[in-house]
Structures are given as C-alpha cells and as structure tokens.
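Here is the file query08.pdb (PDB, C-alpha atoms).
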```
ATOM      1  CA  MET A   7       0.977  45.346  43.033
ATOM      2  CA  ILE A   8      -1.895  42.961  42.299
ATOM      3  CA  ARG A   9      -3.241  41.218  45.411
ATOM      4  CA  LEU A  10      -5.080  37.936  44.854
ATOM      5  CA  HIS A  11      -8.032  36.911  46.974
ATOM      6  CA  PRO A  12      -6.744  34.426  49.587
ATOM      7  CA  ILE A  13      -9.100  31.653  48.418
ATOM      8  CA  PHE A  14      -7.970  32.078  44.801
ATOM      9  CA  SER A  15      -4.352  32.170  45.941
ATOM     10  CA  LYS A  16      -4.781  28.902  47.867
ATOM     11  CA  TRP A  17      -6.400  27.316  44.817
ATOM     12  CA  LEU A  18      -3.466  28.316  42.597
ATOM     13  CA  GLN A  19      -0.979  26.972  45.140
ATOM     14  CA  SER A  20      -2.729  23.586  45.119
ATOM     15  CA  ALA A  21      -1.417  22.850  41.587
ATOM     16  CA  PRO A  22       1.462  25.270  40.990
ATOM     17  CA  ALA A  23       2.993  23.559  37.953
ATOM     18  CA  THR A  24      -0.292  23.463  36.041
ATOM     19  CA  PHE A  25      -1.286  27.058  36.733
ATOM     20  CA  THR A  26       2.207  28.418  36.070
ATOM     21  CA  TYR A  27       2.428  26.549  32.781
ATOM     22  CA  THR A  28      -1.045  27.723  31.747
ATOM     23  CA  ALA A  29      -0.091  31.345  32.417
ATOM     24  CA  ILE A  30       3.051  30.980  30.279
ATOM     25  CA  PHE A  31       1.408  29.430  27.217
ATOM     26  CA  CYS A  32      -1.440  31.954  27.463
ATOM     27  CA  ALA A  33       1.164  34.732  27.347
ATOM     28  CA  PHE A  34       2.754  33.124  24.290
ATOM     29  CA  THR A  35      -0.685  32.922  22.654
ATOM     30  CA  LEU A  36      -1.233  36.616  23.321
ATOM     31  CA  VAL A  37       2.007  37.274  21.445
ATOM     32  CA  GLN A  38       0.796  35.051  18.601
ATOM     33  CA  ARG A  39      -2.417  37.019  18.237
ATOM     34  CA  THR A  40      -0.938  40.502  18.456
ATOM     35  CA  ALA A  41       2.396  40.260  16.619
ATOM     36  CA  PRO A  42       2.728  40.390  12.808
ATOM     37  CA  GLN A  43       2.043  37.015  11.212
ATOM     38  CA  HIS A  44       5.428  36.776   9.483
ATOM     39  CA  LEU A  45       7.153  37.254  12.852
ATOM     40  CA  ILE A  46       5.010  34.542  14.451
ATOM     41  CA  ASN A  47       5.838  32.179  11.599
ATOM     42  CA  ILE A  48       9.541  32.753  12.239
ATOM     43  CA  LEU A  49       9.162  32.227  16.003
ATOM     44  CA  THR A  50       7.076  29.062  15.757
ATOM     45  CA  ASN A  51       9.301  27.582  13.065
ATOM     46  CA  HIS A  52      12.308  28.319  15.259
ATOM     47  CA  SER A  53      10.624  26.628  18.246
ATOM     48  CA  SER A  54       9.069  23.712  16.366
ATOM     49  CA  THR A  55      10.115  20.138  17.057
ATOM     50  CA  SER A  56      10.796  19.580  13.368
ATOM     51  CA  ILE A  57      13.494  17.201  12.157
ATOM     52  CA  ALA A  58      15.730  20.114  11.246
ATOM     53  CA  ARG A  59      15.389  21.921  14.583
ATOM     54  CA  VAL A  60      15.715  18.834  16.798
ATOM     55  CA  SER A  61      18.791  17.699  14.856
ATOM     56  CA  ASP A  62      20.366  21.122  15.415
ATOM     57  CA  LYS A  63      19.368  22.013  19.001
ATOM     58  CA  PRO A  64      17.339  19.219  20.617
ATOM     59  CA  ILE A  65      17.177  20.426  24.233
ATOM     60  CA  SER A  66      16.261  24.050  23.548
ATOM     61  CA  THR A  67      13.816  22.991  20.832
ATOM     62  CA  PHE A  68      11.879  20.654  23.136
ATOM     63  CA  PHE A  69      11.791  23.405  25.773
ATOM     64  CA  ASP A  70      10.711  26.193  23.413
ATOM     65  CA  SER A  71       8.055  24.170  21.600
ATOM     66  CA  ALA A  72       6.303  23.313  24.880
ATOM     67  CA  PHE A  73       4.892  26.846  25.178
ATOM     68  CA  TRP A  74       3.263  27.340  21.781
ATOM     69  CA  VAL A  75      -0.359  26.482  21.001
ATOM     70  CA  ALA A  76      -0.789  25.318  17.399
ATOM     71  CA  ASP A  77      -2.727  27.278  14.769
ATOM     72  CA  ASN A  78      -2.049  30.700  16.319
ATOM     73  CA  GLY A  79      -3.570  29.725  19.647
ATOM     74  CA  ALA A  80      -6.794  28.245  18.286
ATOM     75  CA  GLY A  81      -9.022  26.772  20.993
ATOM     76  CA  LEU A  82      -7.133  28.503  23.802
ATOM     77  CA  LEU A  83     -10.159  28.596  26.139
ATOM     78  CA  ILE A  84     -10.600  24.839  25.762
ATOM     79  CA  TYR A  85      -6.935  24.301  26.623
ATOM     80  CA  VAL A  86      -7.244  26.511  29.712
ATOM     81  CA  ALA A  87     -10.444  24.778  30.858
ATOM     82  CA  ILE A  88      -8.849  21.334  30.583
ATOM     83  CA  PHE A  89      -5.660  22.385  32.377
ATOM     84  CA  TRP A  90      -7.503  24.203  35.154
ATOM     85  CA  THR A  91      -9.836  21.289  35.867
ATOM     86  CA  ILE A  92      -8.634  17.846  34.789
ATOM     87  CA  ILE A  93      -4.870  18.344  34.812
ATOM     88  CA  ALA A  94      -4.837  20.519  37.947
ATOM     89  CA  TRP A  95      -6.781  17.770  39.739
ATOM     90  CA  ALA A  96      -4.282  15.181  38.505
ATOM     91  CA  GLU A  97      -1.375  17.292  39.766
ATOM     92  CA  ARG A  98      -2.930  17.409  43.238
ATOM     93  CA  LYS A  99      -3.151  13.613  43.187
ATOM     94  CA  TYR A 100       0.283  12.825  41.740
ATOM     95  CA  GLY A 101       2.161  15.816  43.124
ATOM     96  CA  SER A 102       3.949  18.412  41.002
ATOM     97  CA  PRO A 103       7.226  16.498  40.383
ATOM     98  CA  ARG A 104       5.498  13.385  39.056
ATOM     99  CA  MET A 105       3.055  15.413  36.960
ATOM    100  CA  ILE A 106       5.943  17.288  35.346
ATOM    101  CA  VAL A 107       7.661  13.978  34.514
ATOM    102  CA  ILE A 108       4.440  12.561  33.021
ATOM    103  CA  THR A 109       3.668  15.535  30.813
ATOM    104  CA  LEU A 110       7.260  16.004  29.668
ATOM    105  CA  SER A 111       7.418  12.301  28.808
ATOM    106  CA  GLY A 112       4.354  12.728  26.643
ATOM    107  CA  HIS A 113       5.786  15.799  24.947
ATOM    108  CA  ILE A 114       9.362  14.618  24.349
ATOM    109  CA  LEU A 115       8.792  10.931  23.614
ATOM    110  CA  ALA A 116       5.813  11.590  21.331
ATOM    111  CA  SER A 117       7.777  14.273  19.480
ATOM    112  CA  LEU A 118      10.725  11.909  18.995
ATOM    113  CA  THR A 119       8.440   9.119  17.799
ATOM    114  CA  THR A 120       6.764  11.497  15.372
ATOM    115  CA  ILE A 121      10.170  12.565  14.061
ATOM    116  CA  PHE A 122      11.130   8.938  13.408
ATOM    117  CA  LEU A 123       7.864   8.490  11.490
ATOM    118  CA  GLU A 124       8.607  11.602   9.452
ATOM    119  CA  LEU A 125      12.098  10.327   8.647
ATOM    120  CA  TRP A 126      10.674   6.981   7.570
ATOM    121  CA  ALA A 127       8.037   8.704   5.392
ATOM    122  CA  ILE A 128      10.658  10.920   3.728
ATOM    123  CA  ASN A 129      13.192   8.141   3.181
ATOM    124  CA  SER A 130      10.575   5.770   1.782
ATOM    125  CA  GLY A 131       9.240   8.387  -0.627
ATOM    126  CA  ARG A 132       5.854   8.600   1.066
ATOM    127  CA  ALA A 133       6.376  12.267   1.997
ATOM    128  CA  PRO A 134       8.314  15.183   0.488
ATOM    129  CA  SER A 135      11.614  16.282   1.984
ATOM    130  CA  SER A 136       9.960  19.568   3.011
ATOM    131  CA  LEU A 137       8.320  17.631   5.865
ATOM    132  CA  ALA A 138      11.648  17.985   7.698
ATOM    133  CA  MET A 139      10.799  21.672   8.230
ATOM    134  CA  ALA A 140       7.145  21.161   9.204
ATOM    135  CA  THR A 141       5.959  23.041  12.284
ATOM    136  CA  ASP A 142       5.056  20.923  15.320
ATOM    137  CA  VAL A 143       4.560  22.457  18.778
ATOM    138  CA  GLY A 144       3.852  20.755  22.036
ATOM    139  CA  VAL A 145       1.137  22.204  24.309
ATOM    140  CA  SER A 146      -1.392  19.708  22.961
ATOM    141  CA  TYR A 147       1.025  16.800  23.551
ATOM    142  CA  ILE A 148       1.468  17.905  27.161
ATOM    143  CA  MET A 149      -2.296  18.297  27.547
ATOM    144  CA  VAL A 150      -3.227  14.810  26.318
ATOM    145  CA  ALA A 151      -0.453  13.195  28.377
ATOM    146  CA  GLY A 152      -1.788  14.968  31.468
ATOM    147  CA  CYS A 153      -5.349  13.907  30.645
ATOM    148  CA  ALA A 154      -4.205  10.301  30.236
ATOM    149  CA  ALA A 155      -2.642  10.417  33.715
ATOM    150  CA  ALA A 156      -5.854  11.885  35.144
ATOM    151  CA  ILE A 157      -8.089   9.261  33.501
ATOM    152  CA  LEU A 158      -5.924   6.539  35.032
ATOM    153  CA  LEU A 159      -7.031   7.763  38.491
ATOM    154  CA  MET A 160     -10.710   8.320  37.763
ATOM    155  CA  LYS A 161     -13.213   5.958  39.349
ATOM    156  CA  LYS A 162     -16.186   4.054  37.914
ATOM    157  CA  TRP A 163     -18.224   5.905  35.281
ATOM    158  CA  LEU A 164     -15.893   8.908  35.172
ATOM    159  CA  HIS A 165     -13.074   6.599  34.095
ATOM    160  CA  TYR A 166     -15.083   5.272  31.147
ATOM    161  CA  ILE A 167     -16.335   8.718  30.151
ATOM    162  CA  GLY A 168     -12.722   9.929  30.193
ATOM    163  CA  LEU A 169     -11.580   7.024  28.026
ATOM    164  CA  VAL A 170     -14.341   7.663  25.485
ATOM    165  CA  ALA A 171     -13.650  11.426  25.433
ATOM    166  CA  ILE A 172      -9.907  11.106  24.905
ATOM    167  CA  GLY A 173     -10.477   8.307  22.399
ATOM    168  CA  LEU A 174     -12.752  10.516  20.300
ATOM    169  CA  PHE A 175     -10.347  13.450  20.581
ATOM    170  CA  ILE A 176      -7.392  11.331  19.454
ATOM    171  CA  LEU A 177      -8.855   8.831  17.000
ATOM    172  CA  LEU A 178     -11.412  10.884  15.053
ATOM    173  CA  PRO A 179      -8.848  13.377  13.655
ATOM    174  CA  LEU A 180      -6.443  10.485  13.033
ATOM    175  CA  PHE A 181      -8.958   8.606  10.872
ATOM    176  CA  ILE A 182     -10.334  11.722   9.160
ATOM    177  CA  ASP A 183      -7.182  13.754   8.447
ATOM    178  CA  HIS A 184      -4.511  11.010   8.515
ATOM    179  CA  SER A 185      -2.092  13.635   9.834
ATOM    180  CA  ILE A 186       1.244  12.655  11.298
ATOM    181  CA  TRP A 187       0.656  15.192  14.087
ATOM    182  CA  ASP A 188      -2.585  13.454  15.026
ATOM    183  CA  THR A 189      -0.453  10.329  15.339
ATOM    184  CA  GLY A 190       1.733  12.362  17.692
ATOM    185  CA  HIS A 191      -1.278  12.971  19.943
ATOM    186  CA  LEU A 192      -1.886   9.225  20.057
ATOM    187  CA  PHE A 193       1.728   8.607  21.072
ATOM    188  CA  ALA A 194       1.588  11.369  23.704
ATOM    189  CA  THR A 195      -1.505   9.756  25.220
ATOM    190  CA  ILE A 196       0.143   6.332  25.277
ATOM    191  CA  PHE A 197       3.350   7.662  26.840
ATOM    192  CA  GLY A 198       1.259   9.599  29.388
ATOM    193  CA  PHE A 199      -0.494   6.387  30.438
ATOM    194  CA  ILE A 200       2.752   4.413  30.593
ATOM    195  CA  SER A 201       4.749   6.993  32.578
ATOM    196  CA  ALA A 202       1.850   7.547  35.005
ATOM    197  CA  ARG A 203       1.478   3.803  35.556
ATOM    198  CA  LEU A 204       5.199   3.399  36.206
ATOM    199  CA  LEU A 205       5.270   6.301  38.660
ATOM    200  CA  LEU A 206       2.268   4.891  40.537
ATOM    201  CA  LYS A 207       4.305   1.745  41.175
ATOM    202  CA  LEU A 208       6.861   3.849  43.039
ATOM    203  CA  SER A 209       4.339   5.410  45.417
ATOM    204  CA  PRO A 210       0.547   5.768  45.645
ATOM    205  CA  VAL A 211      -1.339   8.934  44.832
ATOM    206  CA  ARG A 212      -2.100  11.525  47.460
ATOM    207  CA  THR A 213      -5.515  11.919  49.068
ATOM    208  CA  VAL A 214      -6.796  15.326  48.050
ATOM    209  CA  SER A 215     -10.006  17.277  48.334
ATOM    210  CA  SER A 216     -12.356  17.964  45.454
ATOM    211  CA  PRO A 217     -12.317  21.550  44.109
ATOM    212  CA  TYR A 218     -15.495  22.301  46.079
ATOM    213  CA  GLU A 219     -14.054  20.825  49.284
ATOM    214  CA  LEU A 220     -10.839  22.746  48.696
ATOM    215  CA  LEU A 221     -12.744  26.036  48.481
ATOM    216  CA  LEU A 222     -14.695  25.219  51.653
ATOM    217  CA  LYS A 223     -11.442  24.406  53.457
ATOM    218  CA  CYS A 224      -9.874  27.689  52.330
ATOM    219  CA  ARG A 225     -12.926  29.654  53.491
ATOM    220  CA  SER A 226     -12.853  27.880  56.840
ATOM    221  CA  GLU A 227      -9.158  28.623  57.355
ATOM    222  CA  LEU A 228      -9.672  32.284  56.505
ATOM    223  CA  SER A 229     -12.705  32.678  58.763
ATOM    224  CA  ASN A 230     -10.735  31.229  61.714
ATOM    225  CA  LYS A 231      -7.949  33.789  61.336
TER     226      LYS A 231
END
```
Is it possible to express this structure as structure tokens?
Amino acid sequence: MIRLHPIFSKWLQSAPATFTYTAIFCAFTLVQRTAPQHLINILTNHSSTSIARVSDKPISTFFDSAFWVADNGAGLLIYVAIFWTIIAWAERKYGSPRMIVITLSGHILASLTTIFLELWAINSGRAPSSLAMATDVGVSYIMVAGCAAAILLMKKWLHYIGLVAIGLFILLPLFIDHSIWDTGHLFATIFGFISARLLLKLSPVRTVSSPYELLLKCRSELSNK
C-alpha cells in the first residue's frame, strides 16, 4: 500500500474534486499514449460529444467525453499545472459542489452550443455532413470554465493578467484557425463566468489560505502531534 506524506495528503484533501479529476484524465491519457492508435480512435469517437453520439446517448456521452484530452493527450503537463494551481485554488474558494457545477456547466452547455452551430453549418451548406461525426472531447472545456471562475475571484493585477491570459488562449486560435471547437472554448469560458457569478449570488466564497500558508499550517499541525 502506498502511504502519502501527511502534508501532501492534506494538500490533496483541500481540493478533492480537482485532484481526483486530474488523476482520472491523466490515466485516460496514459491509455491514449500506450494503446494502438486505431483502438484510441474508436474509443475517442465513441466518447466524443459529436452530433451523432449526443443524439444517441446524451448523458453517457457528456460523461465519457469529460475524461479525454484532445490530440492524444497533447499538452498534458500544462493541463495538470493549471488544474493543480488555478483550479484547485478556485475549488478551495467556491467549495467542491459549486466548482463541479461550474465546470460541468462549461462542459455541457458549451458542447450543446457547439452542436447547434455544427447543425446550422451543415444545414446551411457551410460544412459537410461528415461534421456530425467529428471528435470533440471535454477536458479543455472544463479547464477554461474553471479558469474563468478563478479569474472572477482574483484581485487587482492578478485579475487583469488572468483576463489577458485567457483572452489570448481563447481568441488567438479562434481568429487564426476559425475552428468550431475553438468557438466551443469561448462558450465554455462564458458559461463558466456566468455560472460562477450566479452561484456567488447564493453565498460568498470561503476564506482560504494560500498554498504556502496551507503547507505551513499542515506542518504546524503535524509538529504538534
């Protein structure tokens, strides 16, 4: 049995939803990088929030697609770094239930909006009918929705740096590639902001320690035992 250091264990427990979710999509990425490519293509197509899949099995499709990183797990370390820092901090402030609602809102509502855009593009002749089977998975949607919620709580210069960073991440690919999935990231960010704002009206955020203060507190508790 693996025994975690008590300080590390306390840190993980401070944002359980974020760290659990990160472990799951990292495991899925490991499968992506070790399994035969044709098998991965079948799995991701089966889990994709495409028009065909959502029309057939909407609930299971939204659930399955939330654990796959696009492009065979490209940029996994960046995803992990963002979840372990920005989104974990946001979870400590909002609490796990509200953070789950925010990120799922970004994932599901942005995916549905993207599907409606795809249907419009197909029906208007602006895109081929094969777009109905296009692969679209949701870790990035969840990530940007969580970042949007975090930026909403940032103070002073950090707030503006966060806005610029997420703006560049969302808008540059949208203007360069003109991809419908880049539009999905924009919608996920917007829905993340909206859902976070609405939830803040129900109750204020929690007062939490910074990561450094959290580590000091854990060390103090352990030394007093």
Which residues would end up in the selection if the PyMOL selection byres ((chain A and resi 79) around 9) were applied here, given that I need the answer as a ChimeraX atom specification? /A:32,34-36,38-39,74-78,80-82
Residue by residue, what does the PyMOL selection byres ((chain A and resi 155-166) around 9) grab here? Present the result as an MDAnalysis selection string. chainID A and resid 92:93 95:97 99:100 105 108:109 150:154 167:172 195 198:203 211
Quick one: write out the picked residues with C-alpha atoms as a PDB file, in the coordinates of the input?
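Saved to again-v7.pdb:
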```
ATOM      1  CA  ILE A  92      -8.634  17.846  34.789  1.00  0.00           C
ATOM      2  CA  ILE A  93      -4.870  18.344  34.812  1.00  0.00           C
ATOM      3  CA  TRP A  95      -6.781  17.770  39.739  1.00  0.00           C
ATOM      4  CA  ALA A  96      -4.282  15.181  38.505  1.00  0.00           C
ATOM      5  CA  GLU A  97      -1.375  17.292  39.766  1.00  0.00           C
ATOM      6  CA  LYS A  99      -3.151  13.613  43.187  1.00  0.00           C
ATOM      7  CA  TYR A 100       0.283  12.825  41.740  1.00  0.00           C
ATOM      8  CA  MET A 105       3.055  15.413  36.960  1.00  0.00           C
ATOM      9  CA  ILE A 108       4.440  12.561  33.021  1.00  0.00           C
ATOM     10  CA  THR A 109       3.668  15.535  30.813  1.00  0.00           C
ATOM     11  CA  VAL A 150      -3.227  14.810  26.318  1.00  0.00           C
ATOM     12  CA  ALA A 151      -0.453  13.195  28.377  1.00  0.00           C
ATOM     13  CA  GLY A 152      -1.788  14.968  31.468  1.00  0.00           C
ATOM     14  CA  CYS A 153      -5.349  13.907  30.645  1.00  0.00           C
ATOM     15  CA  ALA A 154      -4.205  10.301  30.236  1.00  0.00           C
ATOM     16  CA  ILE A 167     -16.335   8.718  30.151  1.00  0.00           C
ATOM     17  CA  GLY A 168     -12.722   9.929  30.193  1.00  0.00           C
ATOM     18  CA  LEU A 169     -11.580   7.024  28.026  1.00  0.00           C
ATOM     19  CA  VAL A 170     -14.341   7.663  25.485  1.00  0.00           C
ATOM     20  CA  ALA A 171     -13.650  11.426  25.433  1.00  0.00           C
ATOM     21  CA  ILE A 172      -9.907  11.106  24.905  1.00  0.00           C
ATOM     22  CA  THR A 195      -1.505   9.756  25.220  1.00  0.00           C
ATOM     23  CA  GLY A 198       1.259   9.599  29.388  1.00  0.00           C
ATOM     24  CA  PHE A 199      -0.494   6.387  30.438  1.00  0.00           C
ATOM     25  CA  ILE A 200       2.752   4.413  30.593  1.00  0.00           C
ATOM     26  CA  SER A 201       4.749   6.993  32.578  1.00  0.00           C
ATOM     27  CA  ALA A 202       1.850   7.547  35.005  1.00  0.00           C
ATOM     28  CA  ARG A 203       1.478   3.803  35.556  1.00  0.00           C
ATOM     29  CA  VAL A 211      -1.339   8.934  44.832  1.00  0.00           C
TER      30      VAL A 211
END
```
Pairwise distance, atom CA of Pro179 of chain A with atom CA of Leu123 of chain A, equals 17.5 Å
Closest-contact table, segment 88-176 of chain A side, partner segment 183-188 of chain A, 8 Å, counting all atoms listed in the file, as a Markdown table:
```
| residue | atom | partner | partner_atom | distance |
| --- | --- | --- | --- | --- |
| A:Thr120 | CA | A:Ile186 | CA | 7.0 |
| A:Leu123 | CA | A:Ile186 | CA | 7.8 |
| A:Glu124 | CA | A:Ile186 | CA | 7.7 |
| A:Asp142 | CA | A:Trp187 | CA | 7.3 |
| A:Ile176 | CA | A:Asp188 | CA | 6.9 |
```
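Note that the spacing between atom CA of Ile196 of chain A and atom CA of Pro22 of chain A amounts to 24.6 Å.
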Can you pull out the residues contacting segment 63-72 of chain A? Cut-off 8 Å, using only C-alpha atoms, and skip same-chain residues under 6 positions away; I want them as number ranges by chain. A: 50, 52-55, 113-114, 142-145, 148
Selection to disk with C-alpha atoms, as a PDB file, in the frame of the given file:
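Ended up saving to again.pdb:
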```
ATOM      1  CA  THR A  50       7.076  29.062  15.757  1.00  0.00           C
ATOM      2  CA  HIS A  52      12.308  28.319  15.259  1.00  0.00           C
ATOM      3  CA  SER A  53      10.624  26.628  18.246  1.00  0.00           C
ATOM      4  CA  SER A  54       9.069  23.712  16.366  1.00  0.00           C
ATOM      5  CA  THR A  55      10.115  20.138  17.057  1.00  0.00           C
ATOM      6  CA  HIS A 113       5.786  15.799  24.947  1.00  0.00           C
ATOM      7  CA  ILE A 114       9.362  14.618  24.349  1.00  0.00           C
ATOM      8  CA  ASP A 142       5.056  20.923  15.320  1.00  0.00           C
ATOM      9  CA  VAL A 143       4.560  22.457  18.778  1.00  0.00           C
ATOM     10  CA  GLY A 144       3.852  20.755  22.036  1.00  0.00           C
ATOM     11  CA  VAL A 145       1.137  22.204  24.309  1.00  0.00           C
ATOM     12  CA  ILE A 148       1.468  17.905  27.161  1.00  0.00           C
TER      13      ILE A 148
END
```
Quote the spacing between atom CA of Ala21 of chain A and atom CA of Thr91 of chain A in Å to one decimal place.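 Atom CA of Ala21 of chain A sits 10.3 Å away from atom CA of Thr91 of chain A.
When only C-alpha atoms are used to compute distances to Ser61 of chain A, the closest of the residues A:Leu118, A:Ala94, A:Leu205, A:Ile128 turns out to be A:Leu118.
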Residues within 9 Å of (15.1, 20.1, 10.7), file coordinates, counting all atoms listed in the file: what are they? Give the list as a ChimeraX atom specification. /A:55-62,137-140
Check the smallest atom-to-atom distance from each of A:Leu204, A:Val37, A:Leu180, A:Ala29 to Tyr85 of chain A using all atoms listed in the file, then report the winner.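 Smallest distance to Tyr85 of chain A is found for A:Ala29.
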Which residue out of A:Phe31, A:Tyr147, A:Phe122, A:Phe175 has the minimum interatomic distance to Phe73 of chain A when all atoms listed in the file are used?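 Comparing A:Phe31, A:Tyr147, A:Phe122, A:Phe175 against Phe73 of chain A, the winner is A:Phe31.
The residue that comes closest to Ser111 of chain A, out of A:Leu208, A:Pro42, A:Met149, A:Ala33 and on the basis of all atoms listed in the file, is A:Met149.
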Would you kindly place N, CA and C atoms on segment 151-182 of chain A and return the model as a PDB file, in the coordinates of the input?
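Saved file selection.pdb follows:
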```pdb
ATOM      1  N   ALA A 151      -1.187  14.040  27.434  1.00  0.00           N
ATOM      2  CA  ALA A 151      -0.453  13.195  28.377  1.00  0.00           C
ATOM      3  C   ALA A 151      -0.967  13.411  29.796  1.00  0.00           C
ATOM      4  N   GLY A 152      -1.232  14.673  30.154  1.00  0.00           N
ATOM      5  CA  GLY A 152      -1.788  14.968  31.468  1.00  0.00           C
ATOM      6  C   GLY A 152      -3.189  14.403  31.639  1.00  0.00           C
ATOM      7  N   CYS A 153      -3.994  14.478  30.588  1.00  0.00           N
ATOM      8  CA  CYS A 153      -5.349  13.907  30.645  1.00  0.00           C
ATOM      9  C   CYS A 153      -5.288  12.392  30.799  1.00  0.00           C
ATOM     10  N   ALA A 154      -4.358  11.754  30.113  1.00  0.00           N
ATOM     11  CA  ALA A 154      -4.205  10.301  30.236  1.00  0.00           C
ATOM     12  C   ALA A 154      -3.890   9.919  31.680  1.00  0.00           C
ATOM     13  N   ALA A 155      -2.991  10.685  32.318  1.00  0.00           N
ATOM     14  CA  ALA A 155      -2.642  10.417  33.715  1.00  0.00           C
ATOM     15  C   ALA A 155      -3.847  10.616  34.622  1.00  0.00           C
ATOM     16  N   ALA A 156      -4.665  11.625  34.329  1.00  0.00           N
ATOM     17  CA  ALA A 156      -5.854  11.885  35.144  1.00  0.00           C
ATOM     18  C   ALA A 156      -6.877  10.764  34.992  1.00  0.00           C
ATOM     19  N   ILE A 157      -7.108  10.318  33.762  1.00  0.00           N
ATOM     20  CA  ILE A 157      -8.089   9.261  33.501  1.00  0.00           C
ATOM     21  C   ILE A 157      -7.699   7.972  34.223  1.00  0.00           C
ATOM     22  N   LEU A 158      -6.408   7.730  34.349  1.00  0.00           N
ATOM     23  CA  LEU A 158      -5.924   6.539  35.032  1.00  0.00           C
ATOM     24  C   LEU A 158      -6.394   6.502  36.490  1.00  0.00           C
ATOM     25  N   LEU A 159      -6.630   7.682  37.084  1.00  0.00           N
ATOM     26  CA  LEU A 159      -7.031   7.763  38.491  1.00  0.00           C
ATOM     27  C   LEU A 159      -8.530   7.877  38.686  1.00  0.00           C
ATOM     28  N   MET A 160      -9.265   8.139  37.628  1.00  0.00           N
ATOM     29  CA  MET A 160     -10.710   8.320  37.763  1.00  0.00           C
ATOM     30  C   MET A 160     -11.400   7.015  38.131  1.00  0.00           C
ATOM     31  N   LYS A 161     -12.492   7.123  38.859  1.00  0.00           N
ATOM     32  CA  LYS A 161     -13.213   5.958  39.349  1.00  0.00           C
ATOM     33  C   LYS A 161     -14.515   5.752  38.580  1.00  0.00           C
ATOM     34  N   LYS A 162     -14.893   4.487  38.433  1.00  0.00           N
ATOM     35  CA  LYS A 162     -16.186   4.054  37.914  1.00  0.00           C
ATOM     36  C   LYS A 162     -16.537   4.728  36.590  1.00  0.00           C
ATOM     37  N   TRP A 163     -17.717   5.377  36.549  1.00  0.00           N
ATOM     38  CA  TRP A 163     -18.224   5.905  35.281  1.00  0.00           C
ATOM     39  C   TRP A 163     -17.389   7.050  34.749  1.00  0.00           C
ATOM     40  N   LEU A 164     -16.750   7.819  35.646  1.00  0.00           N
ATOM     41  CA  LEU A 164     -15.893   8.908  35.172  1.00  0.00           C
ATOM     42  C   LEU A 164     -14.710   8.362  34.368  1.00  0.00           C
ATOM     43  N   HIS A 165     -14.203   7.214  34.799  1.00  0.00           N
ATOM     44  CA  HIS A 165     -13.074   6.599  34.095  1.00  0.00           C
ATOM     45  C   HIS A 165     -13.472   6.249  32.658  1.00  0.00           C
ATOM     46  N   TYR A 166     -14.647   5.675  32.483  1.00  0.00           N
ATOM     47  CA  TYR A 166     -15.083   5.272  31.147  1.00  0.00           C
ATOM     48  C   TYR A 166     -15.447   6.480  30.283  1.00  0.00           C
ATOM     49  N   ILE A 167     -16.053   7.486  30.893  1.00  0.00           N
ATOM     50  CA  ILE A 167     -16.335   8.718  30.151  1.00  0.00           C
ATOM     51  C   ILE A 167     -15.030   9.359  29.684  1.00  0.00           C
ATOM     52  N   GLY A 168     -14.020   9.376  30.554  1.00  0.00           N
ATOM     53  CA  GLY A 168     -12.722   9.929  30.193  1.00  0.00           C
ATOM     54  C   GLY A 168     -12.072   9.168  29.059  1.00  0.00           C
ATOM     55  N   LEU A 169     -12.148   7.838  29.100  1.00  0.00           N
ATOM     56  CA  LEU A 169     -11.580   7.024  28.026  1.00  0.00           C
ATOM     57  C   LEU A 169     -12.269   7.292  26.691  1.00  0.00           C
ATOM     58  N   VAL A 170     -13.595   7.390  26.723  1.00  0.00           N
ATOM     59  CA  VAL A 170     -14.341   7.663  25.485  1.00  0.00           C
ATOM     60  C   VAL A 170     -13.993   9.044  24.949  1.00  0.00           C
ATOM     61  N   ALA A 171     -13.927  10.047  25.856  1.00  0.00           N
ATOM     62  CA  ALA A 171     -13.650  11.426  25.433  1.00  0.00           C
ATOM     63  C   ALA A 171     -12.263  11.543  24.805  1.00  0.00           C
ATOM     64  N   ILE A 172     -11.259  10.987  25.460  1.00  0.00           N
ATOM     65  CA  ILE A 172      -9.907  11.106  24.905  1.00  0.00           C
ATOM     66  C   ILE A 172      -9.762  10.241  23.654  1.00  0.00           C
ATOM     67  N   GLY A 173     -10.504   9.130  23.602  1.00  0.00           N
ATOM     68  CA  GLY A 173     -10.477   8.307  22.399  1.00  0.00           C
ATOM     69  C   GLY A 173     -11.040   9.038  21.195  1.00  0.00           C
ATOM     70  N   LEU A 174     -12.158   9.744  21.394  1.00  0.00           N
ATOM     71  CA  LEU A 174     -12.752  10.516  20.300  1.00  0.00           C
ATOM     72  C   LEU A 174     -11.827  11.655  19.882  1.00  0.00           C
ATOM     73  N   PHE A 175     -11.236  12.324  20.872  1.00  0.00           N
ATOM     74  CA  PHE A 175     -10.347  13.450  20.581  1.00  0.00           C
ATOM     75  C   PHE A 175      -9.126  13.008  19.787  1.00  0.00           C
ATOM     76  N   ILE A 176      -8.610  11.815  20.097  1.00  0.00           N
ATOM     77  CA  ILE A 176      -7.392  11.331  19.454  1.00  0.00           C
ATOM     78  C   ILE A 176      -7.687  10.623  18.136  1.00  0.00           C
ATOM     79  N   LEU A 177      -8.675   9.724  18.135  1.00  0.00           N
ATOM     80  CA  LEU A 177      -8.855   8.831  17.000  1.00  0.00           C
ATOM     81  C   LEU A 177      -9.637   9.444  15.844  1.00  0.00           C
ATOM     82  N   LEU A 178     -10.629  10.292  16.145  1.00  0.00           N
ATOM     83  CA  LEU A 178     -11.412  10.884  15.053  1.00  0.00           C
ATOM     84  C   LEU A 178     -10.538  11.698  14.094  1.00  0.00           C
ATOM     85  N   PRO A 179      -9.732  12.645  14.590  1.00  0.00           N
ATOM     86  CA  PRO A 179      -8.848  13.377  13.655  1.00  0.00           C
ATOM     87  C   PRO A 179      -7.860  12.457  12.935  1.00  0.00           C
ATOM     88  N   LEU A 180      -7.406  11.404  13.635  1.00  0.00           N
ATOM     89  CA  LEU A 180      -6.443  10.485  13.033  1.00  0.00           C
ATOM     90  C   LEU A 180      -7.048   9.758  11.835  1.00  0.00           C
ATOM     91  N   PHE A 181      -8.304   9.323  11.961  1.00  0.00           N
ATOM     92  CA  PHE A 181      -8.958   8.606  10.872  1.00  0.00           C
ATOM     93  C   PHE A 181      -9.466   9.539   9.773  1.00  0.00           C
ATOM     94  N   ILE A 182      -9.792  10.777  10.149  1.00  0.00           N
ATOM     95  CA  ILE A 182     -10.334  11.722   9.160  1.00  0.00           C
ATOM     96  C   ILE A 182      -9.225  12.410   8.375  1.00  0.00           C
TER      97      ILE A 182
END
```
